[in-house]
$ cat entry_22.txt   # compact mmCIF, C-alpha atoms
# COMPACT_ATOMS: atom_id res chain seq x y z
CA MET A 1 103.62 -5.68 5.46
CA PRO A 2 101.12 -7.72 3.40
CA GLY A 3 97.92 -8.41 5.31
CA ASN A 4 97.64 -12.14 4.73
CA THR A 5 98.42 -13.18 8.32
CA PHE A 6 96.10 -12.98 11.33
CA GLY A 7 96.88 -13.33 15.03
CA THR A 8 99.73 -12.75 17.49
CA LEU A 9 100.48 -16.10 19.15
CA PHE A 10 98.04 -18.28 17.19
CA ARG A 11 99.01 -17.05 13.73
CA VAL A 12 97.23 -17.97 10.49
CA THR A 13 98.33 -17.16 6.96
CA THR A 14 95.96 -17.98 4.10
CA TRP A 15 97.11 -18.34 0.51
CA GLY A 16 95.73 -19.09 -2.96
CA GLU A 17 93.18 -17.69 -5.39
CA SER A 18 89.65 -18.53 -6.46
CA HIS A 19 90.68 -20.07 -9.79
CA GLY A 20 94.24 -21.04 -8.99
CA ARG A 21 95.44 -24.59 -8.40
CA ALA A 22 94.67 -24.61 -4.68
CA ILE A 23 93.99 -22.58 -1.56
CA GLY A 24 95.24 -23.21 1.92
CA ALA A 25 96.44 -22.02 5.30
CA VAL A 26 99.53 -22.23 7.46
CA ILE A 27 98.97 -22.13 11.23
CA ASP A 28 101.90 -21.27 13.46
CA GLY A 29 101.70 -21.26 17.25
CA CYS A 30 99.21 -24.04 17.87
CA PRO A 31 100.40 -25.82 21.05
CA PRO A 32 101.46 -29.47 20.90
CA GLY A 33 99.16 -32.27 22.01
CA VAL A 34 95.90 -30.98 20.52
CA PRO A 35 93.89 -33.78 18.83
CA LEU A 36 93.60 -33.00 15.11
CA THR A 37 92.62 -35.04 12.06
CA ALA A 38 91.58 -34.13 8.53
CA GLU A 39 88.10 -35.45 9.34
CA MET A 40 87.72 -32.90 12.16
CA ILE A 41 88.51 -30.09 9.74
CA GLN A 42 86.34 -31.60 7.01
CA GLN A 43 83.23 -31.42 9.18
CA GLU A 44 83.48 -27.62 9.21
CA LEU A 45 84.32 -27.36 5.52
CA GLU A 46 81.19 -29.36 4.63
CA ARG A 47 79.05 -26.58 6.13
CA ARG A 48 80.67 -23.96 3.88
CA ARG A 49 81.12 -26.08 0.76
CA PRO A 50 79.55 -24.76 -2.49
CA GLY A 51 77.11 -26.93 -4.41
CA LYS A 52 76.25 -29.16 -1.45
CA GLY A 53 72.75 -30.02 -0.25
CA GLY A 54 70.97 -27.52 -2.48
CA ALA A 55 73.36 -24.70 -1.64
CA THR A 56 72.81 -21.56 -3.68
CA SER A 57 76.11 -21.76 -5.61
CA PRO A 58 76.22 -23.92 -8.77
CA ARG A 59 80.00 -24.30 -8.34
CA LYS A 60 80.63 -27.79 -6.94
CA GLU A 61 83.88 -28.17 -5.05
CA PRO A 62 84.68 -31.26 -2.95
CA ASP A 63 86.82 -29.08 -0.64
CA ARG A 64 88.81 -32.06 0.62
CA VAL A 65 91.45 -30.82 3.03
CA GLU A 66 94.88 -32.38 3.36
CA ILE A 67 97.11 -31.85 6.40
CA MET A 68 100.63 -31.52 5.03
CA SER A 69 102.52 -30.97 8.28
CA GLY A 70 102.29 -30.32 12.00
CA VAL A 71 100.56 -33.51 13.22
CA PHE A 72 101.79 -36.92 14.33
CA ARG A 73 100.11 -40.01 15.75
CA PRO A 74 102.13 -41.37 18.68
CA GLU A 75 102.05 -45.10 19.29
CA GLY A 76 98.96 -46.11 21.24
CA CYS A 77 97.20 -42.77 20.63
CA GLU A 78 93.69 -42.75 19.13
CA HIS A 79 94.19 -39.59 17.02
CA GLU A 80 96.94 -37.57 15.47
CA LEU A 81 98.15 -34.80 17.76
CA THR A 82 99.58 -31.42 16.90
CA THR A 83 103.35 -31.29 17.33
CA GLY A 84 103.74 -27.56 18.03
CA THR A 85 105.31 -27.00 14.61
CA PRO A 86 103.56 -25.17 11.73
CA ILE A 87 100.39 -26.86 10.48
CA SER A 88 100.02 -26.63 6.71
CA LEU A 89 96.60 -27.22 5.12
CA VAL A 90 95.79 -27.48 1.41
CA ILE A 91 92.49 -27.62 -0.48
CA PHE A 92 92.77 -28.21 -4.22
CA ASN A 93 90.36 -26.41 -6.57
CA ARG A 94 88.56 -28.99 -8.71
CA ASP A 95 85.72 -27.03 -10.38
CA ALA A 96 87.29 -23.73 -11.43
CA HIS A 97 86.00 -22.32 -14.74
CA SER A 98 88.07 -19.20 -15.28
CA ARG A 99 86.96 -18.89 -18.93
CA SER A 100 83.55 -17.79 -17.67
CA TYR A 101 85.18 -14.43 -16.90
CA ASP A 102 87.02 -13.87 -20.20
CA HIS A 103 84.33 -11.51 -21.53
CA ILE A 104 84.73 -9.13 -18.58
CA ARG A 105 88.49 -9.43 -18.01
CA ASP A 106 88.98 -5.73 -18.89
CA VAL A 107 85.86 -4.49 -17.08
CA PHE A 108 85.60 -3.27 -13.49
CA ARG A 109 82.64 -5.01 -11.89
CA PRO A 110 80.48 -2.83 -9.57
CA GLY A 111 80.65 -3.95 -5.96
CA HIS A 112 83.81 -6.04 -6.49
CA GLY A 113 87.43 -5.34 -5.65
CA ASP A 114 88.52 -5.05 -9.30
CA LEU A 115 89.09 -1.29 -9.26
CA SER A 116 90.71 -1.13 -5.81
CA TYR A 117 93.01 -4.12 -6.51
CA GLN A 118 94.11 -2.48 -9.78
CA ALA A 119 94.82 0.76 -7.90
CA LYS A 120 96.90 -1.03 -5.26
CA TYR A 121 98.87 -3.58 -7.28
CA GLY A 122 98.71 -2.28 -10.84
CA ILE A 123 97.56 -5.77 -11.84
CA ARG A 124 94.61 -7.95 -10.93
CA ASP A 125 93.65 -11.58 -11.27
CA HIS A 126 90.75 -11.54 -13.71
CA ARG A 127 89.93 -15.23 -13.05
CA GLY A 128 86.96 -14.56 -10.82
CA GLY A 129 87.81 -12.60 -7.71
CA GLY A 130 91.32 -13.96 -7.10
CA ARG A 131 92.25 -13.32 -3.47
CA ALA A 132 89.16 -11.17 -3.03
CA SER A 133 86.87 -14.10 -3.82
CA ALA A 134 84.79 -15.77 -1.13
CA ARG A 135 86.66 -18.92 -2.14
CA GLU A 136 89.48 -17.74 0.15
CA THR A 137 87.21 -18.23 3.17
CA ALA A 138 87.48 -22.02 2.86
CA ALA A 139 91.04 -21.66 4.15
CA ARG A 140 89.76 -19.61 7.08
CA VAL A 141 87.19 -22.26 7.94
CA ALA A 142 89.88 -24.94 7.86
CA ALA A 143 92.12 -22.90 10.17
CA GLY A 144 89.15 -22.13 12.41
CA ALA A 145 88.51 -25.85 12.77
CA VAL A 146 92.04 -26.23 14.15
CA ALA A 147 91.39 -23.39 16.59
CA ALA A 148 88.15 -25.11 17.64
CA GLN A 149 90.09 -28.19 18.76
CA LEU A 150 92.24 -26.02 21.01
CA LEU A 151 89.23 -24.13 22.36
CA ASN A 152 87.40 -27.37 23.11
CA LEU A 153 90.13 -28.24 25.61
CA HIS A 154 89.19 -25.07 27.52
CA ALA A 155 85.38 -25.38 27.23
CA ILE A 156 85.13 -22.45 24.79
CA ASP A 157 82.35 -22.93 22.25
CA VAL A 158 81.29 -20.76 19.28
CA VAL A 159 78.05 -20.94 17.27
CA ALA A 160 76.67 -18.66 14.55
CA TYR A 161 73.24 -18.49 12.93
CA THR A 162 71.14 -16.39 10.58
CA VAL A 163 68.75 -13.86 12.14
CA ALA A 164 67.85 -11.84 9.02
CA LEU A 165 67.89 -12.36 5.26
CA GLY A 166 66.49 -10.13 2.55
CA GLY A 167 64.54 -8.04 5.07
CA ILE A 168 62.98 -11.03 6.84
CA GLU A 169 64.01 -11.08 10.51
CA THR A 170 63.45 -13.29 13.54
CA ASP A 171 63.59 -12.63 17.27
CA LYS A 172 63.64 -16.34 18.10
CA ARG A 173 66.87 -17.92 19.31
CA ASP A 174 66.09 -21.63 19.38
CA LEU A 175 69.61 -22.88 18.73
CA ARG A 176 68.36 -26.48 18.74
CA VAL A 177 66.84 -26.03 15.26
CA ILE A 178 69.67 -24.28 13.39
CA GLY A 179 70.72 -27.61 11.90
CA GLU A 180 67.20 -28.35 10.68
CA ASN A 181 67.19 -25.78 7.87
CA ARG A 182 69.67 -24.86 5.16
CA LEU A 183 70.08 -21.28 6.35
CA PHE A 184 71.22 -22.11 9.91
CA CYS A 185 68.31 -20.06 11.22
CA PRO A 186 67.11 -20.51 14.84
CA ASP A 187 63.51 -20.18 13.62
CA ASN A 188 62.23 -22.73 11.10
CA GLU A 189 59.19 -20.62 10.15
CA ALA A 190 61.37 -17.59 9.42
CA ALA A 191 63.75 -19.83 7.46
CA ALA A 192 60.87 -20.91 5.21
CA ARG A 193 59.99 -17.27 4.51
CA MET A 194 63.64 -16.51 3.78
CA GLU A 195 63.72 -19.36 1.26
CA GLU A 196 60.69 -17.88 -0.49
CA ARG A 197 62.44 -14.53 -0.64
CA ILE A 198 65.55 -16.16 -2.14
CA ALA A 199 63.47 -17.80 -4.88
CA GLN A 200 61.77 -14.50 -5.65
CA VAL A 201 65.01 -12.54 -5.93
CA ARG A 202 66.72 -15.28 -7.95
CA ALA A 203 63.97 -14.95 -10.56
CA GLN A 204 64.70 -11.21 -10.71
CA GLY A 205 68.40 -11.80 -11.35
CA ASP A 206 69.32 -10.06 -8.10
CA THR A 207 70.96 -10.92 -4.75
CA LEU A 208 70.34 -10.50 -1.02
CA GLY A 209 72.10 -9.53 2.20
CA GLY A 210 71.34 -10.38 5.80
CA ILE A 211 72.49 -10.52 9.41
CA VAL A 212 74.39 -13.30 11.18
CA GLU A 213 74.64 -13.49 14.96
CA ILE A 214 77.53 -15.23 16.72
CA ARG A 215 77.58 -16.41 20.33
CA ALA A 216 80.52 -17.78 22.27
CA VAL A 217 80.86 -19.40 25.68
CA CYS A 218 84.00 -17.71 26.97
CA PRO A 219 85.77 -17.50 30.34
CA PRO A 220 86.51 -14.11 31.90
CA GLY A 221 89.88 -12.46 31.39
CA LEU A 222 90.47 -12.73 27.63
CA GLY A 223 91.45 -9.55 25.83
CA GLU A 224 93.87 -6.68 26.39
CA PRO A 225 93.12 -3.33 28.03
CA VAL A 226 93.92 -0.81 25.29
CA PHE A 227 94.53 -1.38 21.57
CA ASP A 228 93.97 -5.14 21.56
CA LYS A 229 90.62 -5.05 23.30
CA LEU A 230 88.72 -8.30 22.72
CA ASP A 231 85.77 -6.49 21.12
CA ALA A 232 88.14 -4.53 18.86
CA GLU A 233 89.91 -7.74 17.82
CA LEU A 234 86.62 -9.53 17.16
CA ALA A 235 85.33 -6.61 15.10
CA ARG A 236 88.55 -6.60 13.09
CA ALA A 237 88.35 -10.34 12.51
CA LEU A 238 84.74 -10.26 11.37
CA MET A 239 85.20 -7.15 9.23
CA SER A 240 88.03 -8.95 7.41
CA ILE A 241 85.38 -11.20 5.81
CA GLY A 242 84.74 -9.75 2.37
CA ALA A 243 80.94 -9.58 2.51
CA VAL A 244 80.74 -8.07 6.03
CA LYS A 245 80.02 -4.33 6.13
CA GLY A 246 79.17 -3.82 9.79
CA VAL A 247 79.71 -5.36 13.24
CA GLU A 248 77.97 -4.76 16.54
CA ILE A 249 78.60 -6.33 19.93
CA GLY A 250 76.00 -6.76 22.65
CA ALA A 251 73.39 -4.02 22.42
CA GLY A 252 75.45 -2.48 19.63
CA PHE A 253 73.85 0.51 17.94
CA ARG A 254 70.80 0.23 20.21
CA ALA A 255 73.03 1.41 23.06
CA ALA A 256 73.17 4.86 21.45
CA ALA A 257 69.46 5.35 22.21
CA MET A 258 69.67 4.07 25.81
CA THR A 259 70.32 5.85 29.06
CA GLY A 260 73.16 4.69 31.25
CA SER A 261 70.73 3.06 33.66
CA GLU A 262 69.24 1.10 30.78
CA ASN A 263 72.52 0.08 29.19
CA ASN A 264 74.45 -0.90 32.32
CA ASP A 265 74.20 -4.60 33.22
CA PRO A 266 73.38 -4.89 36.96
CA ILE A 267 75.52 -7.32 38.96
CA SER A 268 74.16 -9.65 41.64
CA PRO A 269 76.01 -12.12 43.89
CA SER A 270 75.21 -14.80 41.30
CA GLY A 271 76.52 -12.76 38.36
CA PHE A 272 75.39 -10.27 35.72
CA MET A 273 71.64 -9.62 35.40
CA GLY A 274 71.83 -8.58 31.73
CA ASN A 275 74.21 -8.67 28.79
CA ASN A 276 74.03 -5.39 26.90
CA ALA A 277 77.84 -5.46 27.07
CA GLY A 278 77.88 -8.59 24.91
CA GLY A 279 80.20 -10.36 27.35
CA ILE A 280 82.99 -7.75 27.19
CA LEU A 281 83.79 -4.90 29.59
CA ALA A 282 86.78 -2.57 29.12
CA GLY A 283 87.97 -4.79 26.29
CA ILE A 284 88.17 -7.94 28.45
CA SER A 285 85.68 -10.81 28.58
CA ASN A 286 83.54 -10.82 31.73
CA GLY A 287 82.34 -14.44 31.69
CA GLU A 288 78.97 -13.80 30.06
CA HIS A 289 78.27 -15.11 26.55
CA LEU A 290 79.99 -13.11 23.85
CA VAL A 291 77.28 -11.84 21.46
CA MET A 292 78.13 -10.33 18.07
CA ARG A 293 76.16 -9.53 14.91
CA VAL A 294 77.45 -8.86 11.41
CA ALA A 295 75.75 -7.12 8.51
CA VAL A 296 76.32 -9.08 5.31
CA LYS A 297 76.04 -7.21 2.01
CA PRO A 298 74.32 -8.67 -1.07
CA ILE A 299 76.53 -10.65 -3.46
CA PRO A 300 77.77 -8.09 -6.04
CA SER A 301 77.61 -10.47 -9.04
CA ILE A 302 74.07 -10.01 -10.36
CA ASN A 303 72.33 -11.05 -13.57
CA ARG A 304 71.08 -7.55 -14.27
CA GLU A 305 72.50 -4.73 -16.37
CA GLN A 306 74.93 -2.46 -14.53
CA GLN A 307 76.79 0.66 -15.54
CA THR A 308 80.59 0.64 -15.18
CA VAL A 309 83.86 1.37 -17.03
CA ASN A 310 86.58 -0.74 -18.63
CA SER A 311 90.37 -0.54 -18.22
CA ALA A 312 90.44 2.32 -20.79
CA ASN A 313 87.96 4.24 -18.57
CA GLU A 314 85.27 3.94 -21.24
CA PRO A 315 81.65 3.57 -20.09
CA VAL A 316 80.20 0.10 -20.62
CA THR A 317 77.13 -1.83 -19.55
CA ILE A 318 77.58 -5.37 -18.24
CA ARG A 319 75.45 -8.26 -17.11
CA ILE A 320 77.45 -10.74 -14.99
CA GLY A 321 76.81 -14.39 -15.67
CA GLY A 322 78.85 -17.22 -14.22
CA ARG A 323 78.10 -19.30 -11.16
CA HIS A 324 77.29 -17.16 -8.14
CA ASP A 325 75.38 -17.35 -4.88
CA ILE A 326 72.15 -15.43 -4.36
CA SER A 327 73.36 -14.57 -0.86
CA ALA A 328 76.56 -15.05 1.13
CA ILE A 329 74.23 -16.59 3.71
CA PRO A 330 74.30 -19.45 4.69
CA ARG A 331 77.88 -20.19 3.61
CA ILE A 332 79.24 -17.20 5.53
CA VAL A 333 77.91 -18.60 8.83
CA PRO A 334 80.80 -21.06 9.40
CA VAL A 335 83.23 -18.36 8.22
CA CYS A 336 82.01 -16.07 11.02
CA GLU A 337 82.46 -18.90 13.50
CA ALA A 338 85.98 -19.50 12.21
CA MET A 339 87.09 -15.88 12.62
CA VAL A 340 85.74 -15.72 16.17
CA ARG A 341 87.48 -19.00 16.99
CA LEU A 342 90.79 -17.75 15.60
CA THR A 343 90.49 -14.59 17.69
CA LEU A 344 89.62 -16.45 20.88
CA ALA A 345 92.38 -19.03 20.34
CA ASP A 346 94.92 -16.23 19.99
CA HIS A 347 93.73 -14.42 23.12
CA LEU A 348 93.49 -17.67 25.05
CA LEU A 349 97.18 -18.34 24.44
CA ARG A 350 98.01 -14.75 25.35
CA GLN A 351 96.10 -15.07 28.61
CA LEU A 352 97.61 -18.46 29.46
CA ALA A 353 101.06 -16.91 29.02
CA ILE A 354 100.12 -14.08 31.42
CA VAL A 355 98.75 -16.53 33.99
CA GLU A 356 101.84 -18.72 33.79
CA THR A 357 104.12 -15.71 34.24
CA ARG A 358 102.04 -14.46 37.17
CA ASN A 359 102.06 -17.85 38.87
CA ARG A 360 105.81 -18.24 38.37
CA LEU A 361 106.42 -14.84 39.97
CA LEU A 362 104.15 -15.75 42.88
CA ARG A 363 106.05 -19.00 43.40
CA GLN A 364 109.33 -17.11 43.40
CA ARG A 365 107.97 -14.57 45.87
CA ASP A 366 106.60 -17.26 48.17
CA GLY A 367 109.96 -19.02 48.04
CA ARG A 368 111.77 -15.85 49.06
CA ASP A 369 109.21 -15.10 51.75
CA GLY A 370 109.75 -18.60 53.13

$ encode --input "entry_22.txt" --output "structure tokens"
Amino acid sequence: MPGNTFGTLFRVTTWGESHGRAIGAVIDGCPPGVPLTAEMIQQELERRRPGKGGATSPRKEPDRVEIMSGVFRPEGCEHELTTGTPISLVIFNRDAHSRSYDHIRDVFRPGHGDLSYQAKYGIRDHRGGGRASARETAARVAAGAVAAQLLNLHAIDVVAYTVALGGIETDKRDLRVIGENRLFCPDNEAAARMEERIAQVRAQGDTLGGIVEIRAVCPPGLGEPVFDKLDAELARALMSIGAVKGVEIGAGFRAAAMTGSENNDPISPSGFMGNNAGGILAGISNGEHLVMRVAVKPIPSINREQQTVNSANEPVTIRIGGRHDISAIPRIVPVCEAMVRLTLADHLLRQLAIVETRNRLLRQRDGRDG
């Protein structure tokens, strides 16, 4: 089954290619009565949009979303509301220059999905990255904005920010300042050093990776006990982002060097006294903040000579031009938020269904007992 759909009850299918006519998403399973307007979605897309506010990508897309179905404004209501039917979203591509890739249409670019897509499908879209392009993530952000409206009704909040870029790291977590710098970093001084590093690497024709941390305010009880553990589902969601090469939750890899007494989070009458678990125990949220980090690889399109082969398996040397980011950060930050929101929205609906079933059975039992 093609892997273009995510979720069990809150299901999202994305469609479209980097240099096609449009990209978009279809959301099935969103409950009725959730406030939703194009402007709500647009606010999230603005944070990911290329070519905006000095963003590192020269490609300038307006990324204006249109809601094609699934909302209706009842008489006397301030906003459109979801109807419970599929929500279809479309974003038209306005600044696609596929001719920029004509000179490498028969070449497999190092670090890209060219070779693996060819092996799977026997054909590949040589207009940029096609489905493998980061352009596809705009559809995820749009769908995540819909999920955010549902989560808001249940006081679930998600925020992501940059904690490392190009080897420059920060231990500060002042979330009040992440909107004050272009990199969504919770440390303005570190953000300034990261910007210097970006300028340095740009001059060298190279690219950078980094680390994004995501936090979520989440009630206890979300997640399933075995294969659909909440941490497993979050890791899957975040790893589905093309530039992400690693995920850790809570203490993550540091837990491997700890003793049990160090890693366990003590519990007091007022709650947990630590959060090495990252808000998840036995695959189910425990009421503490969910804490995740993702390792983001450098953008593979670099303006330096690289060794590769062409479709005839002949060795060639290429230098990739075109319009590319220096780093997936900061534009990947709202994408990480979106994937966490989609996961939590799905598990919220699954938990609400369990609670409703449990309460109905209790009412039936109490009625019999009476």

$ closest_atom_pairs --input "entry_22.txt" --of "segment 163-249 of chain A" --to "segment 329-351 of chain A" --cutoff "9 Å" --atoms "all atoms listed in the file" --output "tab-separated table"
residue	atom	partner	partner_atom	distance
A:Leu165	CA	A:Ile329	CA	7.8
A:Arg182	CA	A:Pro330	CA	7.1
A:Leu183	CA	A:Pro330	CA	4.9
A:Phe184	CA	A:Pro330	CA	6.6
A:Cys185	CA	A:Pro330	CA	8.9
A:Leu208	CA	A:Ile329	CA	8.6
A:Gly209	CA	A:Ile329	CA	7.5
A:Gly210	CA	A:Ile329	CA	7.2
A:Ile211	CA	A:Ile329	CA	8.5
A:Val212	CA	A:Val333	CA	6.8
A:Glu213	CA	A:Val333	CA	8.6
A:Ile214	CA	A:Glu337	CA	6.9
A:Arg215	CA	A:Glu337	CA	8.8
A:Ala216	CA	A:Val340	CA	8.3
A:Cys218	CA	A:Leu344	CA	8.4
A:Gly221	CA	A:Gln351	CA	7.3
A:Leu222	CA	A:His347	CA	5.8
A:Gly223	CA	A:His347	CA	6.0
A:Glu224	CA	A:His347	CA	8.4
A:Leu230	CA	A:His347	CA	7.9
A:Glu233	CA	A:Thr343	CA	6.9
A:Leu234	CA	A:Val340	CA	6.3
A:Ala237	CA	A:Met339	CA	5.7
A:Leu238	CA	A:Met339	CA	6.2
A:Ser240	CA	A:Met339	CA	8.7
A:Ile241	CA	A:Val335	CA	7.9
A:Ala243	CA	A:Ile332	CA	8.4

$ closest_residue --input "entry_22.txt" --among "A:Ala232, A:Ala38, A:Ile91, A:Ala191" --to "Glu136 of chain A" --atoms "all atoms listed in the file"
A:Ile91

$ closest_residue --input "entry_22.txt" --among "A:Leu36, A:Ile104, A:Val141, A:Leu153" --to "Thr317 of chain A" --atoms "all atoms listed in the file"
A:Ile104

$ closest_residue --input "entry_22.txt" --among "A:Asp63, A:Asp231, A:Glu17, A:Asp325" --to "Asn303 of chain A" --atoms "only C-alpha atoms"
A:Asp325

$ atom_distance --input "entry_22.txt" --atom1 "atom CA of Glu66 of chain A" --atom2 "atom CA of His79 of chain A"
15.5 Å

$ atom_distance --input "entry_22.txt" --atom1 "atom CA of Tyr117 of chain A" --atom2 "atom CA of Arg21 of chain A"
20.7 Å

$ atom_distance --input "entry_22.txt" --atom1 "atom CA of Gln42 of chain A" --atom2 "atom CA of Ala142 of chain A"
7.6 Å

$ closest_atom_pairs --input "entry_22.txt" --of "segment 147-191 of chain A" --to "segment 5-11 of chain A" --cutoff "12 Å" --atoms "only C-alpha atoms" --output "CSV"
residue,atom,partner,partner_atom,distance
A:Ala147,CA,A:Phe10,CA,8.4
A:Leu150,CA,A:Phe10,CA,10.4
A:Leu151,CA,A:Phe10,CA,11.8

$ residues_around --input "entry_22.txt" --residues "segment 264-269 of chain A" --least-positions-apart "6" --cutoff "12 Å" --atoms "all atoms listed in the file" --output "PyMOL selection string"
chain A and resi 250-251+255+258+275-281+286+288

$ closest_residue --input "entry_22.txt" --among "A:Ala203, A:Ala132, A:Ala282, A:Ala190" --to "Gly242 of chain A" --atoms "all atoms listed in the file"
A:Ala132

$ decode --input "entry_22.txt" --residues "segment 214-228 of chain A" --atoms "N, CA and C atoms" --output "compact mmCIF listing (two decimals), in the first residue's frame"
# COMPACT_ATOMS: atom_id res chain seq x y z
N ILE A 214 11.36 19.55 20.24
CA ILE A 214 9.91 19.78 20.23
C ILE A 214 9.36 19.45 21.61
N ARG A 215 8.53 20.35 22.13
CA ARG A 215 7.85 20.12 23.40
C ARG A 215 6.35 20.19 23.19
N ALA A 216 5.63 19.39 23.96
CA ALA A 216 4.17 19.40 23.86
C ALA A 216 3.56 19.28 25.24
N VAL A 217 2.57 20.13 25.51
CA VAL A 217 1.73 19.98 26.69
C VAL A 217 0.68 18.95 26.34
N CYS A 218 0.65 17.86 27.09
CA CYS A 218 -0.18 16.71 26.70
C CYS A 218 -0.79 16.06 27.95
N PRO A 219 -2.06 15.71 27.90
CA PRO A 219 -2.67 15.03 29.06
C PRO A 219 -2.18 13.59 29.15
N PRO A 220 -2.33 12.96 30.31
CA PRO A 220 -1.96 11.55 30.42
C PRO A 220 -2.95 10.66 29.69
N GLY A 221 -2.48 9.51 29.27
CA GLY A 221 -3.37 8.50 28.70
C GLY A 221 -3.33 8.34 27.20
N LEU A 222 -2.58 9.19 26.48
CA LEU A 222 -2.52 9.04 25.02
C LEU A 222 -1.45 8.02 24.65
N GLY A 223 -1.76 7.22 23.65
CA GLY A 223 -0.82 6.18 23.22
C GLY A 223 -1.40 4.80 23.47
N GLU A 224 -0.82 3.80 22.83
CA GLU A 224 -1.27 2.43 22.95
C GLU A 224 -0.15 1.59 23.55
N PRO A 225 -0.49 0.44 24.17
CA PRO A 225 0.50 -0.26 24.99
C PRO A 225 1.57 -1.04 24.26
N VAL A 226 1.35 -1.42 23.00
CA VAL A 226 2.33 -2.31 22.37
C VAL A 226 2.90 -1.68 21.10
N PHE A 227 2.35 -1.97 19.94
CA PHE A 227 2.98 -1.53 18.69
C PHE A 227 2.73 -0.06 18.38
N ASP A 228 1.64 0.49 18.90
CA ASP A 228 1.34 1.90 18.64
C ASP A 228 1.67 2.78 19.84
